[in-house]
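Structure file work_4.csv (CSV, C-alpha atoms) is printed below.
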chain,number,residue,atom,x,y,z
A,294,MET,CA,-24.2,33.6,-12.9
A,295,THR,CA,-21.7,31.0,-14.0
A,296,ILE,CA,-18.8,30.6,-11.6
A,297,SER,CA,-15.4,31.3,-13.0
A,298,LEU,CA,-12.4,28.9,-12.7
A,299,SER,CA,-10.6,31.4,-10.5
A,300,GLU,CA,-13.6,31.6,-8.2
A,301,ARG,CA,-14.0,27.8,-8.0
A,302,LEU,CA,-10.3,27.3,-7.2
A,303,SER,CA,-10.3,30.0,-4.6
A,304,ALA,CA,-13.4,28.7,-2.9
A,305,GLU,CA,-12.2,25.1,-2.7
A,306,LEU,CA,-8.8,26.1,-1.4
A,307,SER,CA,-10.3,28.5,1.2
A,308,GLY,CA,-12.6,25.6,2.4
A,309,LEU,CA,-9.6,23.3,2.8
A,310,ARG,CA,-7.6,26.0,4.5
A,311,ASP,CA,-10.4,27.0,6.9
A,312,SER,CA,-11.0,23.3,7.9
A,313,GLY,CA,-7.3,22.7,8.5
A,314,LEU,CA,-7.1,20.1,5.7
A,315,LEU,CA,-5.0,21.9,3.2
A,316,ILE,CA,-2.0,19.7,2.3
A,317,LYS,CA,1.5,21.2,1.8
A,318,PRO,CA,3.9,18.3,1.2
A,319,ARG,CA,7.3,18.6,2.6
A,320,VAL,CA,10.1,18.3,0.1
A,321,LEU,CA,13.0,15.7,0.2
A,322,ASP,CA,16.4,17.2,-0.7
A,323,ARG,CA,18.0,13.7,-1.0
A,324,ALA,CA,16.9,10.2,-1.9
A,325,ASN,CA,14.2,8.6,0.2
A,326,ARG,CA,16.3,6.7,2.8
A,327,ALA,CA,15.9,5.9,6.5
A,328,ARG,CA,17.9,9.1,7.1
A,329,THR,CA,17.5,11.9,4.6
A,330,ARG,CA,17.2,15.7,4.4
A,331,VAL,CA,13.7,17.2,4.3
A,332,ASP,CA,13.1,20.9,3.8
A,333,GLY,CA,16.8,21.4,4.6
A,334,ARG,CA,16.7,19.5,7.9
A,335,GLU,CA,18.5,16.2,8.6
A,336,VAL,CA,15.9,13.7,9.8
A,337,VAL,CA,15.1,10.1,10.7
A,338,ASN,CA,12.5,9.2,8.1
A,339,LEU,CA,9.4,7.4,9.4
A,340,ALA,CA,7.1,8.7,6.7
A,341,SER,CA,7.9,6.6,3.7
A,342,ASN,CA,6.7,3.2,2.5
A,343,ASN,CA,10.2,2.1,1.6
A,344,TYR,CA,10.0,-1.0,3.7
A,345,LEU,CA,13.0,-2.8,2.4
A,346,GLY,CA,15.2,0.2,1.6
A,347,PHE,CA,14.9,-0.5,-2.1
A,348,ALA,CA,14.1,3.1,-3.2
A,349,ASP,CA,17.8,3.9,-3.4
A,350,HIS,CA,19.3,0.4,-3.3
A,351,PRO,CA,22.6,0.0,-5.2
A,352,ARG,CA,21.6,-3.3,-6.9
A,353,LEU,CA,18.3,-1.9,-8.1
A,354,LYS,CA,20.0,1.2,-9.4
A,355,GLU,CA,22.5,-0.8,-11.2
A,356,LYS,CA,19.9,-3.0,-12.9
A,357,ALA,CA,17.7,0.1,-13.7
A,358,ALA,CA,20.7,1.8,-15.4
A,359,ALA,CA,21.5,-1.4,-17.4
A,360,TYR,CA,17.9,-1.6,-18.7
A,361,LEU,CA,18.0,2.1,-19.5
A,362,ARG,CA,21.2,1.8,-21.6
A,363,GLU,CA,19.9,-1.3,-23.5
A,364,TRP,CA,16.2,-0.5,-23.9
A,365,GLY,CA,16.0,3.2,-23.8
A,366,VAL,CA,14.1,5.9,-21.9
A,367,GLY,CA,10.5,4.7,-22.7
A,368,ALA,CA,8.6,1.9,-24.3
A,369,GLY,CA,7.2,4.2,-27.0
A,370,ALA,CA,3.6,2.9,-27.1
A,371,VAL,CA,0.8,1.2,-25.2
A,372,ARG,CA,1.3,-2.5,-24.5
A,373,THR,CA,-1.3,-3.7,-27.0
A,374,ILE,CA,0.3,-1.8,-30.0
A,375,ALA,CA,4.1,-1.6,-29.9
A,376,GLY,CA,4.9,-1.1,-26.3
A,377,THR,CA,5.3,-4.7,-25.0
A,378,LEU,CA,9.1,-5.2,-24.7
A,379,ARG,CA,10.5,-8.6,-23.9
A,380,ILE,CA,11.5,-7.3,-20.5
A,381,HIS,CA,7.8,-6.6,-19.6
A,382,GLU,CA,6.8,-10.2,-20.1
A,383,GLU,CA,9.9,-11.5,-18.3
A,384,LEU,CA,9.0,-9.3,-15.3
A,385,GLU,CA,5.4,-10.7,-15.3
A,386,GLN,CA,6.6,-14.3,-15.5
A,387,GLN,CA,9.0,-13.6,-12.6
A,388,LEU,CA,6.2,-12.0,-10.6
A,389,ALA,CA,3.8,-14.9,-11.2
A,390,ALA,CA,6.5,-17.4,-10.1
A,391,PHE,CA,7.2,-15.3,-7.0
A,392,LYS,CA,3.5,-15.1,-6.1
A,393,HIS,CA,2.8,-18.7,-6.9
A,394,THR,CA,0.0,-17.8,-9.2
A,395,GLY,CA,-1.1,-18.9,-12.7
A,396,SER,CA,-0.4,-15.5,-14.3
A,397,ALA,CA,0.5,-11.9,-13.5
A,398,LEU,CA,0.2,-8.6,-15.3
A,399,VAL,CA,1.9,-5.3,-14.5
A,400,LEU,CA,-0.1,-2.1,-14.7
A,401,HIS,CA,0.9,1.5,-14.1
A,402,SER,CA,0.0,2.0,-10.4
A,403,GLY,CA,-1.8,0.3,-7.6
A,404,PHE,CA,-4.6,2.8,-8.0
A,405,THR,CA,-5.2,2.1,-11.7
A,406,THR,CA,-4.8,-1.6,-11.1
A,407,ASN,CA,-7.9,-1.6,-8.9
A,408,GLN,CA,-9.8,0.4,-11.5
A,409,GLY,CA,-8.7,-1.9,-14.3
A,410,VAL,CA,-9.3,-5.2,-12.6
A,411,LEU,CA,-12.5,-4.5,-10.8
A,412,GLY,CA,-13.9,-2.7,-13.9
A,413,THR,CA,-13.0,-5.7,-16.0
A,414,LEU,CA,-14.3,-8.5,-13.7
A,415,LEU,CA,-17.6,-7.0,-12.5
A,416,LYS,CA,-20.8,-6.6,-14.5
A,417,GLU,CA,-24.4,-5.8,-13.9
A,418,GLY,CA,-26.0,-8.6,-11.9
A,419,ASP,CA,-22.7,-9.4,-10.0
A,420,LEU,CA,-22.3,-8.9,-6.3
A,421,VAL,CA,-19.3,-7.3,-4.6
A,422,ILE,CA,-18.9,-7.1,-0.9
A,423,SER,CA,-16.1,-4.8,0.3
A,424,ASP,CA,-14.5,-4.2,3.8
A,425,ALA,CA,-15.6,-0.9,5.4
A,426,LEU,CA,-11.9,0.3,5.6
A,427,ASN,CA,-10.7,-0.6,2.2
A,428,HIS,CA,-8.4,1.7,0.3
A,429,ALA,CA,-9.7,4.7,-1.7
A,430,SER,CA,-8.5,3.0,-4.9
A,431,ILE,CA,-10.9,0.1,-4.3
A,432,ILE,CA,-13.8,2.4,-3.5
A,433,ASP,CA,-13.2,4.4,-6.7
A,434,GLY,CA,-12.7,1.2,-8.7
A,435,LEU,CA,-16.1,-0.2,-7.5
A,436,ARG,CA,-17.8,3.1,-8.3
A,437,LEU,CA,-17.0,2.4,-12.0
A,438,THR,CA,-18.9,-0.9,-12.0
A,439,LYS,CA,-22.5,-1.7,-12.3
A,440,ALA,CA,-22.3,-4.6,-9.8
A,441,THR,CA,-24.5,-4.6,-6.7
A,442,LYS,CA,-22.3,-3.2,-3.9
A,443,LYS,CA,-22.4,-4.1,-0.2
A,444,VAL,CA,-20.0,-3.2,2.7
A,445,TYR,CA,-19.2,-5.5,5.6
A,446,GLN,CA,-18.0,-4.3,9.0
A,447,HIS,CA,-14.2,-4.1,9.1
A,448,ALA,CA,-12.5,-7.5,9.2
A,449,ASP,CA,-15.8,-9.1,10.4
A,450,ALA,CA,-16.2,-12.6,8.8
A,451,ASP,CA,-19.6,-13.0,10.4
A,452,ASP,CA,-21.0,-9.8,8.9
A,453,LEU,CA,-19.5,-10.9,5.5
A,454,GLU,CA,-21.4,-14.2,5.8
A,455,ARG,CA,-24.7,-12.3,6.7
A,456,LEU,CA,-24.4,-10.2,3.5
A,457,LEU,CA,-23.6,-13.3,1.4
A,458,GLN,CA,-26.7,-15.0,2.8
A,459,GLU,CA,-28.9,-12.0,2.2
A,460,ASN,CA,-27.7,-11.2,-1.3
A,461,GLU,CA,-28.0,-14.2,-3.7
A,462,THR,CA,-27.1,-13.7,-7.3
A,463,ASP,CA,-26.5,-15.8,-10.4
A,464,GLY,CA,-23.6,-13.6,-11.3
A,465,LEU,CA,-20.0,-13.5,-10.0
A,466,LYS,CA,-19.7,-12.9,-6.2
A,467,LEU,CA,-16.5,-11.1,-5.2
A,468,VAL,CA,-15.3,-10.4,-1.6
A,469,VAL,CA,-12.8,-7.5,-1.6
A,470,THR,CA,-10.3,-6.6,1.2
A,471,ASP,CA,-7.0,-5.0,1.8
A,472,GLY,CA,-4.4,-7.5,3.0
A,473,VAL,CA,-2.8,-5.0,5.4
A,474,PHE,CA,-4.8,-1.9,6.2
A,475,SER,CA,-2.7,1.1,5.5
A,476,MET,CA,-4.0,3.4,8.3
A,477,ASP,CA,-4.3,1.0,11.3
A,478,GLY,CA,-1.6,-1.5,10.3
A,479,ASP,CA,-3.9,-4.5,11.0
A,480,LEU,CA,-4.2,-7.7,8.9
A,481,ALA,CA,-7.3,-8.9,7.2
A,482,PRO,CA,-8.3,-12.3,8.7
A,483,LEU,CA,-7.9,-14.0,5.3
A,484,ASP,CA,-8.2,-17.5,6.8
A,485,LYS,CA,-11.8,-16.7,8.0
A,486,LEU,CA,-12.7,-14.4,5.0
A,487,ILE,CA,-11.7,-16.9,2.3
A,488,ALA,CA,-13.4,-19.8,4.2
A,489,VAL,CA,-16.7,-17.8,4.2
A,490,ALA,CA,-16.3,-16.7,0.6
A,491,ARG,CA,-15.7,-20.3,-0.5
A,492,LYS,CA,-18.8,-21.5,1.4
A,493,TYR,CA,-20.9,-19.2,-0.8
A,494,GLY,CA,-19.0,-19.7,-4.1
A,495,ALA,CA,-17.4,-16.3,-4.0
A,496,VAL,CA,-14.0,-15.2,-5.2
A,497,THR,CA,-11.7,-13.3,-2.8
A,498,TYR,CA,-9.9,-10.2,-4.1
A,499,VAL,CA,-6.9,-9.0,-1.9
A,500,ASP,CA,-5.2,-5.7,-2.4
A,501,ASP,CA,-1.8,-6.4,-0.9
A,502,ALA,CA,-0.2,-3.0,-1.4
A,503,HIS,CA,1.3,-3.0,2.2
A,504,GLY,CA,1.7,-6.8,2.5
A,505,SER,CA,3.7,-7.6,-0.7
A,506,GLY,CA,7.3,-7.5,0.2
A,507,VAL,CA,6.4,-7.5,3.9
A,508,MET,CA,4.3,-10.6,4.8
A,509,GLY,CA,4.8,-14.2,3.9
A,510,LYS,CA,8.0,-16.1,3.0
A,511,ASP,CA,10.4,-13.8,1.1
A,512,GLY,CA,7.7,-11.2,1.2
A,513,ARG,CA,5.3,-13.1,-1.1
A,514,GLY,CA,2.4,-11.3,0.7
A,515,THR,CA,-0.5,-11.7,3.0
A,516,VAL,CA,-2.2,-14.4,0.9
A,517,HIS,CA,1.0,-16.5,1.2
A,518,HIS,CA,1.2,-15.7,4.9
A,519,PHE,CA,-2.2,-17.3,5.4
A,520,GLY,CA,-1.3,-20.3,3.3
A,521,PHE,CA,-3.5,-19.7,0.2
A,522,GLU,CA,-1.0,-19.8,-2.5
A,523,ASN,CA,-1.9,-21.5,-5.8
A,524,ALA,CA,-5.5,-20.7,-5.2
A,525,ASP,CA,-7.5,-19.9,-8.4
A,526,ASP,CA,-10.3,-18.4,-6.4
A,527,VAL,CA,-8.1,-15.7,-4.9
A,528,ILE,CA,-6.9,-12.7,-6.9
A,529,GLN,CA,-4.0,-10.7,-5.6
A,530,VAL,CA,-3.4,-7.1,-6.6
A,531,GLY,CA,-1.0,-4.5,-5.3
A,532,THR,CA,1.5,-1.8,-5.9
A,533,LEU,CA,5.1,-2.0,-6.9
A,534,SER,CA,5.9,1.4,-5.3
A,535,LYS,CA,6.2,0.5,-1.7
A,536,ALA,CA,8.3,-2.4,-0.6
A,537,TRP,CA,9.5,-2.9,-4.2
A,538,GLY,CA,11.0,0.6,-4.4
A,539,GLY,CA,9.7,1.5,-7.9
A,540,VAL,CA,6.3,2.4,-9.4
A,541,GLY,CA,3.5,0.4,-10.9
A,542,GLY,CA,0.8,-2.1,-9.9
A,543,TYR,CA,0.2,-5.8,-10.5
A,544,ALA,CA,-2.6,-8.3,-10.7
A,545,ALA,CA,-1.9,-12.0,-10.1
A,546,GLY,CA,-4.1,-15.0,-10.0
A,547,HIS,CA,-5.9,-17.5,-12.3
A,548,ALA,CA,-4.0,-18.5,-15.4
A,549,ASP,CA,-6.6,-16.8,-17.6
A,550,LEU,CA,-6.8,-13.5,-15.6
A,551,ARG,CA,-3.8,-11.9,-17.4
A,552,GLU,CA,-5.2,-12.5,-20.9
A,553,LEU,CA,-8.6,-11.1,-20.0
A,554,LEU,CA,-7.0,-8.0,-18.5
A,555,ILE,CA,-4.8,-7.4,-21.5
A,556,ASN,CA,-8.0,-7.3,-23.6
A,557,ARG,CA,-10.4,-5.4,-21.3
A,558,ALA,CA,-8.6,-3.4,-18.6
A,559,ARG,CA,-8.8,0.2,-19.7
A,560,PRO,CA,-5.8,1.6,-17.7
A,561,TYR,CA,-3.7,-1.1,-19.4
A,562,LEU,CA,-5.2,-0.5,-22.9
A,563,PHE,CA,-4.8,3.2,-22.9
A,564,SER,CA,-1.5,3.9,-21.1
A,565,THR,CA,2.0,3.8,-22.4
A,566,ALA,CA,4.0,0.8,-21.0
A,567,GLN,CA,6.3,1.0,-18.0
A,568,PRO,CA,9.7,2.6,-18.8
A,569,PRO,CA,12.6,0.1,-19.1
A,570,ALA,CA,14.5,1.5,-16.1
A,571,VAL,CA,11.5,0.9,-13.9
A,572,VAL,CA,11.2,-2.6,-15.1
A,573,GLY,CA,14.9,-3.2,-14.4
A,574,GLY,CA,14.6,-1.9,-10.8
A,575,LEU,CA,11.5,-4.2,-10.2
A,576,VAL,CA,13.3,-7.3,-11.6
A,577,ALA,CA,16.2,-6.6,-9.2
A,578,ALA,CA,13.9,-6.0,-6.3
A,579,ILE,CA,12.2,-9.4,-6.6
A,580,GLU,CA,15.6,-11.0,-7.0
A,581,GLU,CA,17.1,-9.2,-4.0
A,582,VAL,CA,14.4,-10.0,-1.5
A,583,GLN,CA,14.9,-13.7,-2.2
A,584,ARG,CA,18.7,-13.4,-2.3
A,585,ASP,CA,19.1,-11.6,1.0
A,586,PRO,CA,16.9,-13.0,3.8
A,587,THR,CA,18.3,-10.4,6.3
A,588,LEU,CA,16.2,-7.7,4.7
A,589,MET,CA,12.9,-9.0,6.1
A,590,ARG,CA,14.5,-10.1,9.3
A,591,ARG,CA,15.8,-6.6,9.9
A,592,LEU,CA,12.4,-5.1,9.0
A,593,TRP,CA,10.6,-7.2,11.5
A,594,ASP,CA,13.2,-6.9,14.3
A,595,ASN,CA,12.9,-3.1,13.9
A,596,THR,CA,9.1,-3.3,13.9
A,597,HIS,CA,8.9,-5.3,17.1
A,598,TYR,CA,11.5,-3.1,18.9
A,599,PHE,CA,9.8,0.2,17.9
A,600,LYS,CA,6.3,-1.0,18.8
A,601,ALA,CA,7.4,-2.3,22.2
A,602,GLU,CA,9.3,0.8,23.1
A,603,LEU,CA,6.4,3.1,22.1
A,604,ALA,CA,4.0,1.0,24.2
A,605,GLY,CA,6.5,1.2,27.1
A,606,LEU,CA,6.4,5.0,26.9
A,607,GLY,CA,2.6,4.9,27.1
A,608,PHE,CA,1.6,5.6,23.5
A,609,ASP,CA,-1.4,3.9,21.9
A,610,THR,CA,-0.4,2.1,18.7
A,611,MET,CA,-3.9,0.9,18.0
A,612,GLY,CA,-3.2,-2.8,17.9
A,613,SER,CA,-1.0,-2.7,14.8
A,614,VAL,CA,0.8,-5.9,14.0
A,615,THR,CA,2.7,-4.8,10.9
A,616,PRO,CA,5.5,-2.3,10.3
A,617,ILE,CA,2.7,0.4,9.9
A,618,THR,CA,2.7,1.8,13.4
A,619,PRO,CA,0.1,4.5,14.1
A,620,VAL,CA,0.4,6.6,17.3
A,621,LEU,CA,-3.0,7.8,18.3
A,622,PHE,CA,-3.5,11.5,19.2
A,623,GLY,CA,-7.3,11.8,18.8
A,624,GLU,CA,-7.9,15.2,17.4
A,625,PRO,CA,-6.2,16.4,14.2
A,626,GLU,CA,-4.8,19.6,15.9
A,627,ALA,CA,-2.8,17.4,18.3
A,628,ALA,CA,-1.6,15.0,15.6
A,629,PHE,CA,-0.4,17.9,13.4
A,630,GLU,CA,1.3,19.7,16.2
A,631,ALA,CA,3.0,16.5,17.3
A,632,SER,CA,4.2,16.0,13.7
A,633,ARG,CA,5.6,19.6,13.7
A,634,LEU,CA,7.4,19.1,17.0
A,635,LEU,CA,8.8,15.8,16.0
A,636,PHE,CA,10.2,17.4,12.9
A,637,GLU,CA,11.9,20.0,15.1
A,638,GLU,CA,13.5,17.1,16.9
A,639,GLY,CA,14.8,15.6,13.6
A,640,VAL,CA,12.1,13.0,13.1
A,641,PHE,CA,9.9,13.1,9.9
A,642,ALA,CA,6.5,11.5,10.7
A,643,VAL,CA,3.3,12.8,9.2
A,644,GLY,CA,0.0,13.5,11.0
A,645,LEU,CA,-3.2,12.2,9.6
A,646,GLY,CA,-6.7,13.4,10.3
A,647,PHE,CA,-10.2,13.3,8.8
A,648,PRO,CA,-11.1,12.5,6.1
A,649,THR,CA,-8.0,10.2,5.7
A,650,VAL,CA,-9.0,8.6,9.0
A,651,PRO,CA,-12.2,8.6,11.0
A,652,ARG,CA,-13.0,11.6,13.2
A,653,GLY,CA,-11.6,11.3,16.7
A,654,SER,CA,-8.8,9.0,15.6
A,655,ALA,CA,-6.2,11.4,14.2
A,656,ARG,CA,-2.7,9.9,14.4
A,657,ILE,CA,0.8,9.9,13.2
A,658,ARG,CA,1.5,6.9,11.0
A,659,ASN,CA,5.1,5.6,11.4
A,660,ILE,CA,6.7,3.0,9.1
A,661,VAL,CA,9.9,1.5,10.2
A,662,THR,CA,12.1,-0.1,7.5
A,663,ALA,CA,14.8,-2.7,7.1
A,664,GLU,CA,17.2,0.2,6.6
A,665,HIS,CA,16.7,1.9,10.0
A,666,THR,CA,19.4,1.3,12.5
A,667,ARG,CA,18.8,0.9,16.3
A,668,ALA,CA,20.3,4.4,16.7
A,669,ASP,CA,17.7,5.8,14.2
A,670,LEU,CA,14.9,4.3,16.2
A,671,ASP,CA,16.2,5.3,19.5
A,672,GLN,CA,16.5,8.9,18.3
A,673,ALA,CA,12.9,8.7,17.1
A,674,LEU,CA,11.7,7.2,20.4
A,675,SER,CA,13.5,9.9,22.4
A,676,ALA,CA,11.8,12.6,20.3
A,677,TYR,CA,8.4,10.8,20.8
A,678,GLU,CA,8.9,10.8,24.6
A,679,LYS,CA,9.7,14.5,24.6
A,680,VAL,CA,6.8,15.5,22.4
A,681,GLY,CA,4.4,13.2,24.1
A,682,ARG,CA,5.2,14.7,27.5
A,683,LYS,CA,5.0,18.2,26.1
A,684,LEU,CA,1.5,17.6,24.7
A,685,LYS,CA,0.5,15.6,27.8
A,686,VAL,CA,-0.2,12.5,25.8
A,687,VAL,CA,2.1,10.3,27.9
A,688,GLY,CA,3.7,10.7,31.3
A,689,ILE,CA,0.7,12.3,32.9
In structure tokens, what does this structure look like?
Amino acid sequence: MTISLSERLSAELSGLRDSGLLIKPRVLDRANRARTRVDGREVVNLASNNYLGFADHPRLKEKAAAYLREWGVGAGAVRTIAGTLRIHEELEQQLAAFKHTGSALVLHSGFTTNQGVLGTLLKEGDLVISDALNHASIIDGLRLTKATKKVYQHADADDLERLLQENETDGLKLVVTDGVFSMDGDLAPLDKLIAVARKYGAVTYVDDAHGSGVMGKDGRGTVHHFGFENADDVIQVGTLSKAWGGVGGYAAGHADLRELLINRARPYLFSTAQPPAVVGGLVAAIEEVQRDPTLMRRLWDNTHYFKAELAGLGFDTMGSVTPITPVLFGEPEAAFEASRLLFEEGVFAVGLGFPTVPRGSARIRNIVTAEHTRADLDQALSAYEKVGRKLKVVGI
């Protein structure tokens, strides 16, 4: 007998509920700031990706409002028909100059950027080798291609070299990695990975969603951090929804990359262009991070302080070296209970378990921002100490 839609929905939701994996997002009652109101409670917010405090920044809002008034609510069409406004091209020129690349193209999200770029570049007979902990958008993007796919052990340049040695091809060879890994907060060793890729004639593809605006001079990203700017054999992609405070994705690299993507990237070809207000906010974000060097300085000062204090309390932050600061609890029940207890103490920090992270490594992922004050962080640390002792994670 054919299953009904109602039966399918009920079965899937019951399975999620029974396994403890059913997600019920908390609701913010105010703008996403370092301190905000969530489900009616005033909290210190450690759950957002708003690294530089741009999500509600006055200069960004002012520019977004100006673009809205001048250019309207929407672009009115896909980019290839009648949706490319002058401001879209100006943003892309600004982004290419900021990233020190030959070209840049803005797409609709980091997720669709990976689908569009990987789907455009890779063909049957090509070889793509991907880090074992790469983001879901990379995994899904690769599923859409007919290239031969291999996976190297996380951040392991030696294993990457082994796979390049064992898998020769006359097609394109692409090494794919996150720049900053979003769950553990560690950096891809791009100095080693790019050296190995170049040895075998491969192109390196870096998803810098959590590195752009965070790493490198003025937040130019992980590629810039490792000194590989102006490199035609390195492609940078990422999102414009984290440090940049808006929404969208980008691809930056070789001077010809943009033109090929305009002609072949399906998410670009079949989606209406970015709204003018979004473009205005992003223009202002790139300007602001270069205008105000204190933004990144505060971000990293807060990061170092928070990590050191958590370690002093006895928490395991899993070797993170970026503002992404996981606190390990092991089993999902412990991580979810810790998240609930922290919320009662006025700290919004979300627990993560399988399948988002591997079994046995459930954690709370904290992200400090440039906007947090020392008082904010001290309140969060006090809450962590209280919850950690109650759950017998620290102070045993």
Pick from A:Leu378, A:Leu298, A:Val614, A:Leu453, whichever lies nearest to A:Ala566 using all atoms listed in the file:
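Nearest candidate to A:Ala566 out of A:Leu378, A:Leu298, A:Val614, A:Leu453: A:Leu378.
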Compile a residue-level contact table for stretch 310-397 of chain A against stretch 489-512 of chain A at a cut-off of 9 Å, reporting for every qualifying residue the shortest atom pair and its distance in Å to one decimal, with all atoms listed in the file counted, rows ordered by chain and ascending number, as a Markdown table.
| residue | atom | partner | partner_atom | distance |
| --- | --- | --- | --- | --- |
| A:Asn342 | CA | A:His503 | CA | 8.2 |
| A:Tyr344 | CA | A:Val507 | CA | 7.4 |
| A:Leu345 | CA | A:Gly506 | CA | 7.7 |
| A:Phe391 | CA | A:Asp511 | CA | 8.8 |
Can you list, as an NGL selection string, every protein, DNA or RNA residue that comes within 10 Å of A:Glu638 when you count only C-alpha atoms, leaving out same-chain residues fewer than 6 positions away?
:A and (334-337 or 632 or 672-673 or 675-677 or 679-680)
Measuring atom to atom with all atoms listed in the file, identify which of A:Gly434, A:Ala429, A:Leu457, A:Ser423 is nearest to A:Val469.
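Checking each of A:Gly434, A:Ala429, A:Leu457, A:Ser423 against A:Val469, counting all atoms listed in the file, the winner is A:Ser423.
Omitting A:Asn523 and its sequence neighbours fewer than 3 positions away, and counting all atoms listed in the file, the residues within 12 Å are A:Ala389, A:Ala390, A:Phe391, A:Lys392, A:His393, A:Thr394, A:Gly395, A:Ser396, A:Val516, A:His517, A:Phe519, A:Gly520, A:Asp526, A:Val527, A:Ile528, A:Gln529, A:Ala545, A:Gly546, A:His547, A:Ala548.
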Up to 10 Å from (10.1, -1.3, 7.0) in the file's coordinates: name the residues, counting only C-alpha atoms, as JSON, numbers by chain.
{"A": [327, 339, 341, 342, 343, 344, 345, 346, 506, 507, 535, 536, 588, 589, 591, 592, 593, 594, 595, 596, 615, 616, 617, 659, 660, 661, 662, 663, 664, 665]}
Can you pull out the residues contacting stretch 572-575 of chain A? Cut-off 7 Å, using all atoms listed in the file, and skip same-chain residues under 5 positions away; I want them as a PyMOL selection string.
chain A and resi 353-354+356-357+360+381+537+539+567
Provide the atom CA of A:Gln408 to atom CA of A:Leu467 distance in Å, to one decimal place.
14.7 Å
What's around A:Ala601 at 12 Å? Count all atoms listed in the file, leave out sequence neighbours fewer than 2 positions away in its own chain, and write the answer as a list in words.
Asp594, Asn595, Thr596, His597, Tyr598, Phe599, Leu603, Ala604, Gly605, Leu606, Gly607, Phe608, Asp609, Thr610, Gly612, Ser613, Val614, Thr618, Leu670, Asp671 and Leu674 of chain A
12 Å contact set for A:Val643, only C-alpha atoms, chain neighbours under 5 positions out, as a ChimeraX atom specification:
/A:316-319,338-341,476,618-620,625,627-636,655-660
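Restricting the calculation to all atoms listed in the file, the smallest distance between A:Leu554 and any of A:Val421, A:Val331, A:Leu645, A:Leu411 is found for A:Leu411.
Among A:Glu522, A:Phe641, A:Glu678, A:Pro651, the residue with the shortest atom-to-atom distance to A:Leu321, counting all atoms listed in the file, is A:Phe641.
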Top pick for closest residue to A:Phe647, considering A:Val371, A:Ala440, A:Ile296, A:Leu314 and counting all atoms listed in the file:
A:Leu314
Atom CA of A:Leu400 and atom CA of A:Asp477 are how many Å apart?
26.5 Å
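Take the candidates A:Asp484, A:Glu581, A:Glu385, A:Asp471 and check each one against A:Tyr543 using all atoms listed in the file; the shortest distance goes to A:Glu385.
The interatomic distance for the pair atom CA of A:Ala544 and atom CA of A:His401 works out to 10.9 Å.
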Return stretch 496-507 of chain A, completed with N, CA and C atoms, as a tab-separated table (two decimals), in the frame of the given file.
chain	number	residue	atom	x	y	z
A	496	VAL	N	-15.41	-15.39	-5.00
A	496	VAL	CA	-14.00	-15.20	-5.20
A	496	VAL	C	-13.48	-14.14	-4.23
A	497	THR	N	-12.27	-14.30	-3.72
A	497	THR	CA	-11.70	-13.30	-2.80
A	497	THR	C	-10.63	-12.49	-3.54
A	498	TYR	N	-10.73	-11.20	-3.37
A	498	TYR	CA	-9.90	-10.20	-4.10
A	498	TYR	C	-9.10	-9.48	-2.98
A	499	VAL	N	-7.77	-9.60	-2.98
A	499	VAL	CA	-6.90	-9.00	-1.90
A	499	VAL	C	-6.01	-7.98	-2.49
A	500	ASP	N	-6.17	-6.75	-2.02
A	500	ASP	CA	-5.20	-5.70	-2.40
A	500	ASP	C	-4.10	-5.73	-1.35
A	501	ASP	N	-2.94	-6.18	-1.77
A	501	ASP	CA	-1.80	-6.40	-0.90
A	501	ASP	C	-0.74	-5.37	-0.99
A	502	ALA	N	-1.15	-4.13	-1.18
A	502	ALA	CA	-0.20	-3.00	-1.40
A	502	ALA	C	0.83	-2.98	-0.25
A	503	HIS	N	0.37	-3.10	1.01
A	503	HIS	CA	1.30	-3.00	2.20
A	503	HIS	C	1.68	-4.38	2.70
A	504	GLY	N	1.28	-5.44	2.03
A	504	GLY	CA	1.70	-6.80	2.50
A	504	GLY	C	2.71	-7.41	1.56
A	505	SER	N	2.70	-7.03	0.29
A	505	SER	CA	3.70	-7.60	-0.70
A	505	SER	C	5.04	-7.03	-0.37
A	506	GLY	N	6.01	-7.94	-0.18
A	506	GLY	CA	7.30	-7.50	0.20
A	506	GLY	C	7.51	-7.47	1.73
A	507	VAL	N	6.43	-7.67	2.47
A	507	VAL	CA	6.40	-7.50	3.90
A	507	VAL	C	5.98	-8.78	4.64
